[in-house]
$ cat upload19.pdb   # PDB, C-alpha atoms, pLDDT in the B column
ATOM      1  CA  MET A 170       0.000   0.000   0.000  1.00 72.00           C
ATOM      2  CA  LEU A 171       1.405   3.363  -0.985  1.00 82.00           C
ATOM      3  CA  ARG A 172       1.475   6.083   1.584  1.00 88.00           C
ATOM      4  CA  ARG A 173       1.001   9.648   0.485  1.00 87.00           C
ATOM      5  CA  LYS A 174       1.782  12.859   2.257  1.00 89.00           C
ATOM      6  CA  PRO A 175      -1.037  14.491   4.248  1.00 86.00           C
ATOM      7  CA  THR A 176      -3.196  16.922   2.318  1.00 88.00           C
ATOM      8  CA  ARG A 177      -3.006  20.494   3.496  1.00 89.00           C
ATOM      9  CA  LEU A 178      -6.334  22.264   3.961  1.00 86.00           C
ATOM     10  CA  GLU A 179      -6.402  26.013   3.881  1.00 89.00           C
ATOM     11  CA  LEU A 180      -9.045  27.962   5.755  1.00 88.00           C
ATOM     12  CA  LYS A 181     -10.167  31.089   3.958  1.00 91.00           C
ATOM     13  CA  ILE A 182     -11.999  34.136   5.287  1.00 91.00           C
ATOM     14  CA  ASP A 183     -15.048  33.225   3.192  1.00 91.00           C
ATOM     15  CA  ASP A 184     -15.202  29.871   4.985  1.00 90.00           C
ATOM     16  CA  THR A 185     -15.176  31.464   8.423  1.00 91.00           C
ATOM     17  CA  ASP A 186     -17.826  34.000   7.350  1.00 93.00           C
ATOM     18  CA  GLU A 187     -20.061  31.207   6.075  1.00 93.00           C
ATOM     19  CA  PHE A 188     -19.542  29.241   9.300  1.00 93.00           C
ATOM     20  CA  GLU A 189     -20.551  32.238  11.435  1.00 94.00           C
ATOM     21  CA  ARG A 190     -23.626  32.886   9.255  1.00 95.00           C
ATOM     22  CA  VAL A 191     -24.804  29.276   9.492  1.00 94.00           C
ATOM     23  CA  LYS A 192     -24.109  29.232  13.235  1.00 95.00           C
ATOM     24  CA  LYS A 193     -26.261  32.352  13.735  1.00 95.00           C
ATOM     25  CA  GLU A 194     -29.095  30.836  11.663  1.00 95.00           C
ATOM     26  CA  LEU A 195     -29.047  27.667  13.757  1.00 94.00           C
ATOM     27  CA  GLU A 196     -29.058  29.636  16.995  1.00 95.00           C
ATOM     28  CA  ALA A 197     -32.009  31.711  15.740  1.00 94.00           C
ATOM     29  CA  ARG A 198     -33.952  28.537  14.869  1.00 93.00           C
ATOM     30  CA  LYS A 199     -33.150  27.079  18.293  1.00 92.00           C
ATOM     31  CA  ARG A 200     -34.424  30.242  20.019  1.00 92.00           C
ATOM     32  CA  GLN A 201     -37.626  30.163  17.938  1.00 92.00           C
ATOM     33  CA  ARG A 202     -38.234  26.523  18.907  1.00 89.00           C
ATOM     34  CA  GLU A 203     -37.625  27.307  22.578  1.00 89.00           C
ATOM     35  CA  GLU A 204     -39.975  30.291  22.444  1.00 87.00           C
ATOM     36  CA  ALA A 205     -42.636  28.248  20.650  1.00 82.00           C
ATOM     37  CA  GLY A 206     -42.194  25.415  23.137  1.00 77.00           C
ATOM     38  CA  SER A 207     -42.422  27.682  26.178  1.00 76.00           C
ATOM     39  CA  GLY A 208     -45.471  29.446  24.709  1.00 70.00           C
ATOM     40  CA  ALA A 209     -47.207  26.137  24.015  1.00 64.00           C
ATOM     41  CA  ALA A 210     -46.352  24.869  27.494  1.00 60.00           C
ATOM     42  CA  ALA A 211     -47.871  27.956  29.114  1.00 55.00           C
ATOM     43  CA  ALA A 212     -50.999  27.803  26.950  1.00 54.00           C
ATOM     44  CA  GLY A 213     -51.543  24.070  27.450  1.00 51.00           C
ATOM     45  CA  ALA A 214     -50.817  23.904  31.181  1.00 49.00           C
ATOM     46  CA  SER A 215     -54.440  22.978  31.952  1.00 45.00           C
ATOM     47  CA  VAL A 216     -54.323  19.921  29.651  1.00 45.00           C
ATOM     48  CA  ILE A 217     -51.118  18.384  30.943  1.00 45.00           C
ATOM     49  CA  GLY A 218     -52.631  14.947  31.608  1.00 42.00           C
ATOM     50  CA  GLY A 219     -53.989  14.625  28.077  1.00 43.00           C
ATOM     51  CA  ASP A 220     -50.711  15.817  26.566  1.00 43.00           C
ATOM     52  CA  LEU A 221     -48.742  13.174  28.419  1.00 42.00           C
ATOM     53  CA  MET A 222     -50.968  10.366  27.208  1.00 43.00           C
ATOM     54  CA  GLY A 223     -50.974  11.653  23.639  1.00 45.00           C
ATOM     55  CA  GLY A 224     -47.251  12.356  23.727  1.00 47.00           C
ATOM     56  CA  GLY A 225     -46.444   8.764  24.611  1.00 50.00           C
ATOM     57  CA  ALA A 226     -48.462   7.430  21.714  1.00 53.00           C
ATOM     58  CA  SER A 227     -46.950   9.836  19.208  1.00 60.00           C
ATOM     59  CA  ALA A 228     -43.438   9.091  20.436  1.00 66.00           C
ATOM     60  CA  SER A 229     -43.917   5.363  19.897  1.00 68.00           C
ATOM     61  CA  SER A 230     -45.473   5.945  16.473  1.00 72.00           C
ATOM     62  CA  THR A 231     -42.524   8.090  15.414  1.00 80.00           C
ATOM     63  CA  ALA A 232     -40.143   5.411  16.692  1.00 77.00           C
ATOM     64  CA  ALA A 233     -42.040   2.800  14.673  1.00 76.00           C
ATOM     65  CA  SER A 234     -42.027   4.945  11.552  1.00 84.00           C
ATOM     66  CA  ARG A 235     -38.325   5.651  12.073  1.00 86.00           C
ATOM     67  CA  ALA A 236     -37.636   1.924  12.300  1.00 85.00           C
ATOM     68  CA  GLU A 237     -39.695   1.333   9.156  1.00 86.00           C
ATOM     69  CA  LEU A 238     -37.718   4.014   7.299  1.00 86.00           C
ATOM     70  CA  ILE A 239     -34.430   2.469   8.361  1.00 87.00           C
ATOM     71  CA  ASN A 240     -35.603  -1.022   7.391  1.00 86.00           C
ATOM     72  CA  GLU A 241     -36.743   0.236   3.994  1.00 84.00           C
ATOM     73  CA  ARG A 242     -33.471   2.084   3.428  1.00 85.00           C
ATOM     74  CA  ILE A 243     -31.306  -0.956   4.143  1.00 89.00           C
ATOM     75  CA  GLY A 244     -33.646  -3.362   2.355  1.00 85.00           C
ATOM     76  CA  TYR A 245     -34.711  -5.361   5.410  1.00 85.00           C
ATOM     77  CA  LYS A 246     -38.179  -6.848   5.168  1.00 79.00           C
ATOM     78  CA  PRO A 247     -39.174  -8.140   8.618  1.00 73.00           C
ATOM     79  CA  HIS A 248     -42.021 -10.340   7.364  1.00 72.00           C
ATOM     80  CA  PRO A 249     -41.517 -13.907   8.668  1.00 68.00           C
ATOM     81  CA  LYS A 250     -41.825 -16.803   6.275  1.00 64.00           C
ATOM     82  CA  PRO A 251     -44.614 -19.288   6.993  1.00 62.00           C
ATOM     83  CA  ALA A 252     -43.410 -22.333   8.929  1.00 64.00           C
ATOM     84  CA  THR A 253     -44.738 -25.110   6.695  1.00 66.00           C
ATOM     85  CA  LEU A 254     -42.938 -28.356   5.975  1.00 62.00           C
ATOM     86  CA  PRO A 255     -41.883 -27.474   2.422  1.00 63.00           C
ATOM     87  CA  THR A 256     -40.301 -24.222   3.611  1.00 61.00           C
ATOM     88  CA  LEU A 257     -38.512 -25.937   6.495  1.00 61.00           C
ATOM     89  CA  PHE A 258     -37.136 -28.926   4.566  1.00 66.00           C
ATOM     90  CA  GLY A 259     -37.376 -27.846   0.952  1.00 64.00           C
ATOM     91  CA  SER A 260     -39.049 -30.068  -1.605  1.00 62.00           C
ATOM     92  CA  LEU A 261     -37.739 -33.438  -0.493  1.00 59.00           C
ATOM     93  CA  GLN A 262     -39.170 -36.432  -2.345  1.00 60.00           C
ATOM     94  CA  PHE A 263     -39.475 -39.746  -0.529  1.00 55.00           C
TER
END
$ encode --input "upload19.pdb" --output "structure tokens"
Amino acid sequence: MLRRKPTRLELKIDDTDEFERVKKELEARKRQREEAGSGAAAAGASVIGGDLMGGGASASSTAASRAELINERIGYKPHPKPATLPTLFGSLQF
């Protein structure tokens, strides 16, 4: 195996400017989510019991859909084959 010299990466001013811009956008989105979350929590304080029950169901449904997406992406089909004699032993002739 041939070994080559390490590649030198140069950081330019444009790169740092773009990084700062993206960082500010992400921070702004995070603040908006926090403000929306705190506003929704204050408005829905009287329905906390219903939110907890509904939140559990939606969390499990998103986990199931996430698992389905992953299975589809990797090509896994979790459908079991029927356990009949021909599938277990093939087509053996006696």
$ atom_distance --input "upload19.pdb" --atom1 "atom CA of Lys199 of chain A" --atom2 "atom CA of Ile182 of chain A"
25.8 Å
$ atom_distance --input "upload19.pdb" --atom1 "atom CA of Val191 of chain A" --atom2 "atom CA of Thr231 of chain A"
28.2 Å
$ atom_distance --input "upload19.pdb" --atom1 "atom CA of Lys193 of chain A" --atom2 "atom CA of Leu180 of chain A"
19.5 Å
$ residues_around --input "upload19.pdb" --residues "Pro247 of chain A" --least-positions-apart "4" --cutoff "10 Å" --atoms "all atoms listed in the file" --output "number ranges by chain"
A: 237, 240-241
